[in-house]
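Raw contents of input.cif, mmCIF, C-alpha atoms:
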```
data_start
loop_
_atom_site.label_atom_id
_atom_site.label_comp_id
_atom_site.auth_asym_id
_atom_site.auth_seq_id
_atom_site.Cartn_x
_atom_site.Cartn_y
_atom_site.Cartn_z
CA MET A 1 120.03 118.23 76.53
CA ALA A 2 119.02 116.58 79.81
CA ASN A 3 120.85 113.34 80.55
CA ASP A 4 118.92 111.80 83.43
CA PRO A 5 117.83 108.21 82.59
CA LEU A 6 114.16 109.00 81.87
CA SER A 7 115.06 111.99 79.66
CA LEU A 8 117.55 109.86 77.73
CA THR A 9 114.84 107.26 77.18
CA PHE A 10 112.25 109.80 76.00
CA ALA A 11 114.83 111.44 73.69
CA ALA A 12 115.76 108.04 72.23
CA LEU A 13 112.07 107.32 71.55
CA ALA A 14 111.56 110.68 69.81
CA ASP A 15 112.40 109.25 66.40
CA PRO A 16 110.27 106.94 64.21
CA THR A 17 113.29 104.98 62.90
CA ARG A 18 114.44 104.20 66.43
CA ARG A 19 110.91 103.14 67.40
CA GLU A 20 110.80 100.85 64.33
CA ILE A 21 114.14 99.35 65.32
CA LEU A 22 112.72 98.55 68.77
CA ALA A 23 109.61 97.00 67.18
CA ARG A 24 111.88 94.81 65.04
CA LEU A 25 113.96 93.79 68.08
CA ALA A 26 110.80 92.86 69.99
CA GLU A 27 110.64 89.92 67.55
CA GLY A 28 114.18 88.82 68.41
CA GLU A 29 117.86 89.76 68.35
CA ALA A 30 119.21 91.20 65.10
CA THR A 31 122.50 92.39 63.63
CA VAL A 32 123.04 95.92 62.37
CA ASN A 33 122.87 94.63 58.78
CA ALA A 34 119.52 92.93 59.38
CA LEU A 35 118.19 96.04 61.13
CA ALA A 36 119.34 98.31 58.30
CA GLU A 37 117.66 96.25 55.57
CA PRO A 38 114.10 97.67 55.70
CA PHE A 39 115.39 101.26 55.88
CA ASP A 40 116.68 103.38 53.02
CA MET A 41 119.58 104.41 55.24
CA SER A 42 123.33 103.87 55.45
CA LEU A 43 124.76 101.42 57.97
CA GLN A 44 126.43 104.44 59.52
CA ALA A 45 123.08 106.19 60.07
CA ILE A 46 121.60 103.03 61.59
CA SER A 47 124.67 102.65 63.84
CA LYS A 48 124.13 106.20 65.08
CA HIS A 49 120.52 105.37 65.98
CA LEU A 50 121.68 102.20 67.75
CA LYS A 51 124.14 104.24 69.82
CA VAL A 52 121.30 106.50 71.01
CA LEU A 53 119.19 103.47 71.93
CA GLU A 54 122.15 101.84 73.66
CA ARG A 55 122.95 104.95 75.67
CA ALA A 56 119.34 104.99 76.93
CA GLY A 57 119.63 101.33 77.91
CA LEU A 58 116.88 100.36 75.44
CA ILE A 59 119.17 97.89 73.69
CA THR A 60 122.29 95.95 74.56
CA ARG A 61 124.75 94.50 72.06
CA GLY A 62 126.39 91.09 71.98
CA ARG A 63 130.14 90.75 72.53
CA ASP A 64 130.90 89.00 69.26
CA ALA A 65 133.15 91.62 67.65
CA GLN A 66 131.95 90.99 64.13
CA TRP A 67 128.18 90.60 64.54
CA ARG A 68 127.32 92.21 67.86
CA PRO A 69 123.61 91.35 67.68
CA CYS A 70 121.26 93.92 69.22
CA ARG A 71 118.78 92.94 71.88
CA LEU A 72 115.78 94.89 73.23
CA GLU A 73 115.91 95.76 76.94
CA ALA A 74 112.49 96.41 78.40
CA ALA A 75 113.43 98.07 81.72
CA PRO A 76 113.48 101.70 80.43
CA LEU A 77 110.12 101.12 78.72
CA GLU A 78 108.70 100.03 82.04
CA GLU A 79 109.96 103.32 83.54
CA VAL A 80 108.08 105.17 80.78
CA ASP A 81 104.96 103.14 81.53
CA GLN A 82 105.20 103.95 85.24
CA TRP A 83 105.77 107.62 84.53
CA VAL A 84 102.78 107.93 82.16
CA ASP A 85 100.56 105.84 84.42
CA ARG A 86 100.20 108.71 86.90
CA TYR A 87 98.25 110.60 84.22
CA ARG A 88 95.95 107.69 83.42
CA ASP A 89 93.02 109.12 85.38
CA ARG A 90 93.30 112.28 83.25
CA TRP A 91 92.49 110.58 79.95
CA GLU A 92 90.09 108.10 81.53
CA GLU A 93 88.21 111.06 82.97
CA ARG A 94 88.13 112.55 79.46
CA PHE A 95 86.59 109.32 78.13
CA GLY A 96 84.12 109.37 81.01
CA ARG A 97 82.99 112.83 79.90
CA LEU A 98 82.71 111.76 76.22
CA ASP A 99 80.79 108.67 77.30
CA ARG A 100 78.31 110.69 79.37
CA GLU A 101 77.91 113.16 76.51
CA LEU A 102 77.19 110.28 74.08
CA HIS A 103 74.58 108.87 76.44
CA ARG A 104 72.99 112.30 76.75
CA ILE A 105 72.77 112.61 72.93
CA GLN A 106 71.42 109.04 72.59
CA ASN A 107 68.80 109.67 75.27
CA SER A 108 67.68 112.92 73.67
CA THR A 109 67.44 111.12 70.28
CA GLU A 110 65.38 108.36 71.95
CA GLY A 111 63.20 111.09 73.41
CA GLU A 112 62.64 112.57 69.97
CA LYS A 113 61.75 109.12 68.56
CA ASN A 114 59.20 108.56 71.33
CA HIS A 115 57.82 111.96 70.56
CA GLU A 116 57.25 111.08 66.85
CA MET B 1 114.46 116.27 64.43
CA ALA B 2 111.39 114.16 63.64
CA ASN B 3 108.11 116.05 63.78
CA ASP B 4 105.45 113.35 63.70
CA PRO B 5 103.04 113.71 66.66
CA LEU B 6 104.47 110.85 68.76
CA SER B 7 108.07 112.01 68.22
CA LEU B 8 107.10 115.56 69.22
CA THR B 9 105.52 114.18 72.39
CA PHE B 10 108.54 112.05 73.31
CA ALA B 11 110.91 114.97 72.60
CA ALA B 12 108.78 117.27 74.79
CA LEU B 13 108.93 114.71 77.63
CA ALA B 14 112.73 114.39 77.37
CA ASP B 15 113.31 117.15 79.90
CA PRO B 16 112.82 117.03 83.69
CA THR B 17 111.60 120.66 83.90
CA ARG B 18 108.90 120.01 81.32
CA ARG B 19 107.84 116.84 83.14
CA GLU B 20 107.64 118.82 86.40
CA ILE B 21 105.51 121.45 84.67
CA LEU B 22 103.09 118.70 83.56
CA ALA B 23 103.00 117.29 87.10
CA ARG B 24 102.12 120.76 88.40
CA LEU B 25 99.39 121.19 85.75
CA ALA B 26 97.90 117.82 86.67
CA GLU B 27 96.81 119.60 89.88
CA GLY B 28 95.06 122.36 87.93
CA GLU B 29 95.50 125.23 85.47
CA ALA B 30 98.34 127.66 86.17
CA THR B 31 99.79 130.86 84.73
CA VAL B 32 103.37 131.12 83.48
CA ASN B 33 104.27 133.10 86.62
CA ALA B 34 102.87 130.42 88.92
CA LEU B 35 104.64 127.69 86.92
CA ALA B 36 107.96 129.56 87.02
CA GLU B 37 107.90 130.02 90.81
CA PRO B 38 109.37 126.65 91.94
CA PHE B 39 112.13 126.82 89.31
CA ASP B 40 115.32 128.84 89.43
CA MET B 41 114.67 129.90 85.86
CA SER B 42 113.74 133.03 83.94
CA LEU B 43 110.17 133.51 82.70
CA GLN B 44 111.66 133.41 79.22
CA ALA B 45 113.16 129.94 79.81
CA ILE B 46 109.85 128.68 81.20
CA SER B 47 107.99 130.17 78.21
CA LYS B 48 110.31 128.28 75.90
CA HIS B 49 109.50 125.00 77.70
CA LEU B 50 105.78 125.80 77.48
CA LYS B 51 106.08 126.33 73.72
CA VAL B 52 107.61 122.86 73.34
CA LEU B 53 104.80 121.33 75.43
CA GLU B 54 102.19 123.29 73.48
CA ARG B 55 103.61 122.22 70.11
CA ALA B 56 103.33 118.58 71.24
CA GLY B 57 99.70 119.18 72.28
CA LEU B 58 100.54 118.36 75.91
CA ILE B 59 99.20 121.71 77.08
CA THR B 60 96.80 124.32 75.78
CA ARG B 61 96.71 127.96 76.83
CA GLY B 62 93.74 130.14 77.69
CA ARG B 63 92.76 133.05 75.48
CA ASP B 64 93.04 135.73 78.13
CA ALA B 65 95.85 137.84 76.61
CA GLN B 66 97.37 138.79 79.95
CA TRP B 67 97.20 135.53 81.93
CA ARG B 68 96.83 132.77 79.37
CA PRO B 69 96.58 129.97 81.96
CA CYS B 70 98.14 126.64 80.92
CA ARG B 71 96.13 123.46 81.01
CA LEU B 72 97.30 119.85 80.77
CA GLU B 73 95.98 117.87 77.79
CA ALA B 74 96.07 114.12 78.35
CA ALA B 75 95.53 112.85 74.78
CA PRO B 76 99.24 112.70 73.78
CA LEU B 77 100.06 110.91 77.05
CA GLU B 78 97.47 108.31 76.17
CA GLU B 79 99.26 107.82 72.82
CA VAL B 80 102.49 107.24 74.75
CA ASP B 81 100.72 104.73 76.98
CA GLN B 82 99.33 102.87 73.97
CA TRP B 83 102.72 102.84 72.28
CA VAL B 84 104.57 101.50 75.34
CA ASP B 85 101.81 98.99 76.10
CA ARG B 86 102.88 96.76 73.20
CA TYR B 87 106.12 96.08 75.08
CA ARG B 88 104.38 95.24 78.35
CA ASP B 89 104.80 91.47 77.91
CA ARG B 90 108.55 92.06 77.57
CA TRP B 91 109.02 93.43 81.07
CA GLU B 92 106.35 91.20 82.59
CA GLU B 93 108.19 88.22 81.14
CA ARG B 94 111.36 89.58 82.76
CA PHE B 95 109.57 89.72 86.14
CA GLY B 96 108.29 86.20 85.54
CA ARG B 97 111.88 85.03 85.16
CA LEU B 98 113.01 86.88 88.31
CA ASP B 99 110.04 85.47 90.21
CA ARG B 100 110.81 81.89 89.14
CA GLU B 101 114.47 82.42 90.04
CA LEU B 102 113.48 83.71 93.50
CA HIS B 103 111.25 80.67 94.06
CA ARG B 104 114.07 78.40 92.99
CA ILE B 105 116.44 80.04 95.53
CA GLN B 106 113.77 79.90 98.28
CA ASN B 107 113.10 76.24 97.58
CA SER B 108 116.77 75.36 97.63
CA THR B 109 117.14 77.28 100.96
CA GLU B 110 114.14 75.36 102.34
CA GLY B 111 115.83 72.18 101.18
CA GLU B 112 118.96 73.09 103.08
CA LYS B 113 116.93 73.84 106.23
CA ASN B 114 115.19 70.46 106.02
CA HIS B 115 118.57 68.90 105.61
CA GLU B 116 119.91 70.45 108.83
#
```

So, in terms of structure tokens, how does the structure I just supplied come out?
Amino acid sequence: MANDPLSLTFAALADPTRREILARLAEGEATVNALAEPFDMSLQAISKHLKVLERAGLITRGRDAQWRPCRLEAAPLEEVDQWVDRYRDRWEERFGRLDRELHRIQNSTEGEKNHE
Amino acid sequence: MANDPLSLTFAALADPTRREILARLAEGEATVNALAEPFDMSLQAISKHLKVLERAGLITRGRDAQWRPCRLEAAPLEEVDQWVDRYRDRWEERFGRLDRELHRIQNSTEGEKNHE
């Protein structure tokens, strides 16, 4: 498995539980226990997910030995945003084509109406 | 490994070779041979990467049995953009803080200059 920073980030995001954990942390810091609550999952399984997120720099953990609250770190997400942004014109172009096609259909329907 | 569409996309992007292949395809369709050229990699290894990209819907392949040119598909990248966009205020907020801190330092430096 690749271990450059962007690959680590993408790999960490390739799991719905880890994405839900990030969504929860976007609302504020949380302990492992609080994070585990909505999931039908052992604390151990959640801890494993947190380690993957931590390794990618997507979360940091407090120093308090007992609670170690998790905190979302946005910097790797910004890297993802910058990476994907270079392809923006590709999907906008696709919408442009759909939009023109829709106009064409609408115009031809209008034409038919005028013809009636 | 999770196999929901967004997880498949993130997993496919978690590799620098696959990201380079997408960058190459953003310039236009290409055959496996053309894609393999810049990499010190067997055709078999490249084909494996293409299968991962294809499974995630990031590329499609032509029907021509011999050449089967690969083509970038932007829709999954747009999903990534939409997903990451919900965290935009997190890193913009971070820049806001850095910006305010910079102003504070500049102002205090100005203050010192005026004091001289």

**Request:** Rank nothing, just name the residue among B:Leu77, B:Val52, B:Val84, B:Leu25 nearest to B:Ala12, using all atoms listed in the file.
**Result:** B:Val52

**Asked** Could you write out as a ChimeraX atom specification the residues that the PyMOL selection byres ((chain A) within 12 of (chain B)) matches in the shown file?
**Response** /A:1-20,22-28,56,58,71-95

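When all atoms listed in the file are used to measure the gap to A:Thr31, the shortest distance among A:Ser108, A:Lys51, A:Arg68, A:Leu43 belongs to A:Arg68.
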
**Request:** List, as a list in words, every residue that the PyMOL selection byres ((chain B and resi 69) around 8) selects in the file provided.
**Result:** Glu29, Ala30, Thr31, Val32, Arg61, Gly62, Asp64, Trp67, Arg68, Cys70 and Arg71 of chain B

**Message:** Using Å and a single decimal, report how far atom CA of A:Arg63 sits from atom CA of A:Ala45.
**Reply:**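 Interatomic distance here is 21.1 Å.
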
Quick one: 8 Å padding each side, axis-aligned, all listed atoms of stretch 7-26 of chain A - centre and edge lengths in Å to one decimal, as lines of an AutoDock Vina configuration file?
```
center_x = 113.6
center_y = 102.4
center_z = 71.3
size_x = 23.9
size_y = 35.1
size_z = 32.8
```

**Request:** Could you please determine the separation between atom CA of A:Asn33 and atom CA of A:Ser47 in Å, to one decimal place?
**Result:**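 Separation of atom CA of A:Asn33 and atom CA of A:Ser47: 9.7 Å.
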
**Message:** To one decimal place in Å, what is the distance between atom CA of A:Thr60 and atom CA of A:Ala36?
**Reply:**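 Rounded to one decimal, the two atoms are 16.7 Å apart.
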
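Among B:Asp99, B:Leu53, B:Glu110, B:Met41, the residue with the shortest atom-to-atom distance to B:Ile21, counting all atoms listed in the file, is B:Leu53.
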
Test item: write stretch 11-115 of chain B with C-alpha atoms as a JSON list (two decimals), in the first residue's frame:
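Saved file selection.json follows:
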```json
[["chain", "number", "residue", "atom", "x", "y", "z"],
["B", 11, "ALA", "CA", -9.58, 3.42, -2.39],
["B", 12, "ALA", "CA", -8.87, 3.76, -6.13],
["B", 13, "LEU", "CA", -7.34, 7.22, -5.54],
["B", 14, "ALA", "CA", -5.11, 5.93, -2.72],
["B", 15, "ASP", "CA", -2.27, 5.15, -5.10],
["B", 16, "PRO", "CA", 0.10, 7.59, -6.86],
["B", 17, "THR", "CA", 0.30, 5.48, -10.06],
["B", 18, "ARG", "CA", -3.47, 5.45, -10.40],
["B", 19, "ARG", "CA", -3.62, 9.21, -9.80],
["B", 20, "GLU", "CA", -0.95, 9.70, -12.50],
["B", 21, "ILE", "CA", -2.97, 7.54, -14.89],
["B", 22, "LEU", "CA", -6.00, 9.80, -14.29],
["B", 23, "ALA", "CA", -3.86, 12.90, -14.87],
["B", 24, "ARG", "CA", -2.69, 11.41, -18.18],
["B", 25, "LEU", "CA", -6.28, 10.56, -19.20],
["B", 26, "ALA", "CA", -7.40, 14.11, -18.41],
["B", 27, "GLU", "CA", -5.40, 15.03, -21.54],
["B", 28, "GLY", "CA", -7.30, 12.51, -23.68],
["B", 29, "GLU", "CA", -8.08, 8.84, -24.23],
["B", 30, "ALA", "CA", -5.15, 6.42, -24.18],
["B", 31, "THR", "CA", -4.46, 2.72, -24.67],
["B", 32, "VAL", "CA", -2.94, 0.53, -21.98],
["B", 33, "ASN", "CA", 0.36, 0.55, -23.89],
["B", 34, "ALA", "CA", 0.46, 4.34, -24.02],
["B", 35, "LEU", "CA", -0.46, 4.56, -20.33],
["B", 36, "ALA", "CA", 2.24, 2.05, -19.36],
["B", 37, "GLU", "CA", 5.02, 3.91, -21.20],
["B", 38, "PRO", "CA", 6.00, 6.50, -18.53],
["B", 39, "PHE", "CA", 5.97, 3.87, -15.77],
["B", 40, "ASP", "CA", 8.64, 1.31, -15.00],
["B", 41, "MET", "CA", 5.91, -1.29, -14.68],
["B", 42, "SER", "CA", 4.66, -4.36, -16.52],
["B", 43, "LEU", "CA", 1.53, -4.13, -18.69],
["B", 44, "GLN", "CA", 0.01, -6.60, -16.25],
["B", 45, "ALA", "CA", 0.60, -4.25, -13.29],
["B", 46, "ILE", "CA", -0.88, -1.32, -15.23],
["B", 47, "SER", "CA", -3.90, -3.47, -16.22],
["B", 48, "LYS", "CA", -4.47, -4.24, -12.56],
["B", 49, "HIS", "CA", -4.49, -0.51, -11.73],
["B", 50, "LEU", "CA", -6.90, 0.12, -14.61],
["B", 51, "LYS", "CA", -9.27, -2.54, -13.25],
["B", 52, "VAL", "CA", -9.35, -0.76, -9.88],
["B", 53, "LEU", "CA", -10.07, 2.58, -11.61],
["B", 54, "GLU", "CA", -12.72, 0.96, -13.80],
["B", 55, "ARG", "CA", -14.45, -0.70, -10.83],
["B", 56, "ALA", "CA", -14.69, 2.73, -9.16],
["B", 57, "GLY", "CA", -16.18, 4.19, -12.36],
["B", 58, "LEU", "CA", -13.23, 6.57, -12.73],
["B", 59, "ILE", "CA", -12.49, 5.26, -16.20],
["B", 60, "THR", "CA", -14.38, 3.47, -18.93],
["B", 61, "ARG", "CA", -12.83, 1.43, -21.72],
["B", 62, "GLY", "CA", -13.65, 1.39, -25.42],
["B", 63, "ARG", "CA", -15.19, -1.66, -27.03],
["B", 64, "ASP", "CA", -12.48, -2.21, -29.61],
["B", 65, "ALA", "CA", -11.22, -5.65, -28.49],
["B", 66, "GLN", "CA", -7.60, -4.98, -29.41],
["B", 67, "TRP", "CA", -7.07, -1.38, -28.24],
["B", 68, "ARG", "CA", -9.79, -0.69, -25.71],
["B", 69, "PRO", "CA", -8.77, 2.94, -25.13],
["B", 70, "CYS", "CA", -9.27, 4.24, -21.57],
["B", 71, "ARG", "CA", -11.28, 7.34, -20.91],
["B", 72, "LEU", "CA", -11.53, 9.44, -17.75],
["B", 73, "GLU", "CA", -15.00, 9.65, -16.18],
["B", 74, "ALA", "CA", -15.43, 12.71, -13.95],
["B", 75, "ALA", "CA", -18.64, 11.79, -12.08],
["B", 76, "PRO", "CA", -16.94, 9.98, -9.13],
["B", 77, "LEU", "CA", -14.49, 12.88, -8.76],
["B", 78, "GLU", "CA", -17.44, 15.22, -8.46],
["B", 79, "GLU", "CA", -18.77, 13.00, -5.64],
["B", 80, "VAL", "CA", -15.40, 13.37, -3.90],
["B", 81, "ASP", "CA", -15.57, 17.14, -4.36],
["B", 82, "GLN", "CA", -19.07, 17.28, -2.90],
["B", 83, "TRP", "CA", -18.06, 15.11, 0.03],
["B", 84, "VAL", "CA", -14.97, 17.18, 0.89],
["B", 85, "ASP", "CA", -16.83, 20.46, 0.36],
["B", 86, "ARG", "CA", -18.73, 20.04, 3.63],
["B", 87, "TYR", "CA", -15.42, 20.46, 5.46],
["B", 88, "ARG", "CA", -14.42, 23.59, 3.54],
["B", 89, "ASP", "CA", -15.35, 25.95, 6.39],
["B", 90, "ARG", "CA", -12.98, 23.97, 8.63],
["B", 91, "TRP", "CA", -9.84, 24.80, 6.68],
["B", 92, "GLU", "CA", -11.05, 28.27, 5.73],
["B", 93, "GLU", "CA", -11.58, 28.96, 9.42],
["B", 94, "ARG", "CA", -8.01, 27.76, 10.00],
["B", 95, "PHE", "CA", -6.74, 30.24, 7.38],
["B", 96, "GLY", "CA", -8.84, 32.95, 9.01],
["B", 97, "ARG", "CA", -7.03, 32.29, 12.28],
["B", 98, "LEU", "CA", -3.60, 32.33, 10.60],
["B", 99, "ASP", "CA", -4.53, 35.53, 8.78],
["B", 100, "ARG", "CA", -5.63, 37.27, 11.98],
["B", 101, "GLU", "CA", -2.45, 36.08, 13.71],
["B", 102, "LEU", "CA", -0.32, 37.47, 10.85],
["B", 103, "HIS", "CA", -2.11, 40.84, 11.09],
["B", 104, "ARG", "CA", -1.55, 40.87, 14.82],
["B", 105, "ILE", "CA", 2.21, 40.27, 14.34],
["B", 106, "GLN", "CA", 2.39, 42.91, 11.57],
["B", 107, "ASN", "CA", 0.58, 45.44, 13.73],
["B", 108, "SER", "CA", 2.83, 44.80, 16.70],
["B", 109, "THR", "CA", 5.90, 45.16, 14.40],
["B", 110, "GLU", "CA", 4.46, 48.45, 13.08],
["B", 111, "GLY", "CA", 3.99, 49.51, 16.68],
["B", 112, "GLU", "CA", 7.63, 48.81, 17.42],
["B", 113, "LYS", "CA", 8.73, 50.80, 14.35],
["B", 114, "ASN", "CA", 6.63, 53.78, 15.42],
["B", 115, "HIS", "CA", 8.19, 53.47, 18.82]]
```
